[in-house]
Amino acid sequence: MRIKLAHGKQTELILLAKKDKSWREVSRLLNVNIGYLRNDLRKEKIFLSDTLYSSLCKLANKNFDDFILQKLNDNWGRSKGGNNSVGKGNTKNIFLPEDSAELAEFYGIMLGDGNLTKIKSYKIGTYQIRVVGDSRYDNSYLTNYVAPLIRKLFSVEVKFYKYKNQNALSLNVYGRQLVDFLIFKGFKPGDKIRSQVSIPNWIKINTSFLKACLRGLYDTDGSAYKLTNQNSYQICFTNYNSTLLNDVRNSLLSFGIGVSKISKGRDITITRKSELLKFLNEVGFSNFKHLDKVKKWNLSPLV
């Protein structure tokens, strides 16, 4: 449920709840991303969820119910997506999950190595999602982690395709409902760089969702390695989407993880031991090829 307050009252409520606290302290108390709270919510770009509204009223020690103009159902998109997907042709019914850390991690995987295709046609359309990895290094991750995650989230059949004469393995799922659902959640079909896909607000507002999404991004577009001729290590995120690069960098900084500026228009790196430990403990990896590497670094018993 989303709460629409009279103009200016959402800002007033947030500032009243903040009082003499820092933005970081308030974001921690509310369990929301600091940038999302200070910019999107404070500037009334996005309505408050009913849970966040209640928490803010409690912090502010004041009830703003008299200023509520409208309560919007948060589930309309799931119903709409399902209804639109049922009709002519062969449409497979799938389970459309609630927002969760697992869904956010899958979304991060899609932002990294995923692709969405939606081609409408009079008789037969093409609706599919695809996650492509290196068949030499990502086979176990795709088959033993990503595929089970997708099956658990959506109750769908997952298929694999090995590219001939290439070191590439593709995980494919077909279905209009799934495609429509992901589009509703913020993903865009086609070229991700051209469309400048980014981390959506439903993920940014929740710290556990955001960390899970970052994990999916680093599992797919991240790398971990020892620096040549040095007793030090580095974790790098590489992507050519400038909007996504800034999203990832700002998200890491919001968690207090030191990260470099964007280099060569594609890379952000974490190098200092203290920051590597923060990343591994706050975000971490699910991809086995990364996990195997960082375990050998022996940076901390927590790794």
# chains A, B, ... in the order shown; residues from 1 in each chain; ligands from 1
$ residues_around --residues "Asn61 (chain A)" --least-positions-apart "3" --cutoff "8 Å" --atoms "only C-alpha atoms" --output "ChimeraX atom specification"
/A:17,57-58
$ residues_around --residues "region 36-46 of chain A" --least-positions-apart "2" --cutoff "7 Å" --atoms "only C-alpha atoms" --output "PyMOL selection string"
chain A and resi 10-11+14+27+32-34+48+204-205
$ closest_residue --among "A:Leu5, A:Leu169, A:Ser195, A:Pro97" --to "Arg151 (chain A)" --atoms "only C-alpha atoms"
A:Pro97
$ atom_distance --atom1 "CA of Arg130 (chain A)" --atom2 "CA of Met110 (chain A)"
8.1 Å
$ select_by_dssp --residues "region 103-290 of chain A" --states "strand (DSSP E or B)" --output "PyMOL selection string"
chain A and resi 114-119+126-134+159-162+168-174+222-226+233-238+263+267-270
$ atom_distance --atom1 "CA of Ser135 (chain A)" --atom2 "CA of Asn239 (chain A)"
20.0 Å
$ closest_residue --among "A:Lys18, A:Leu29, A:Asn231, A:Asp99" --to "Asn201 (chain A)" --atoms "only C-alpha atoms"
A:Asp99
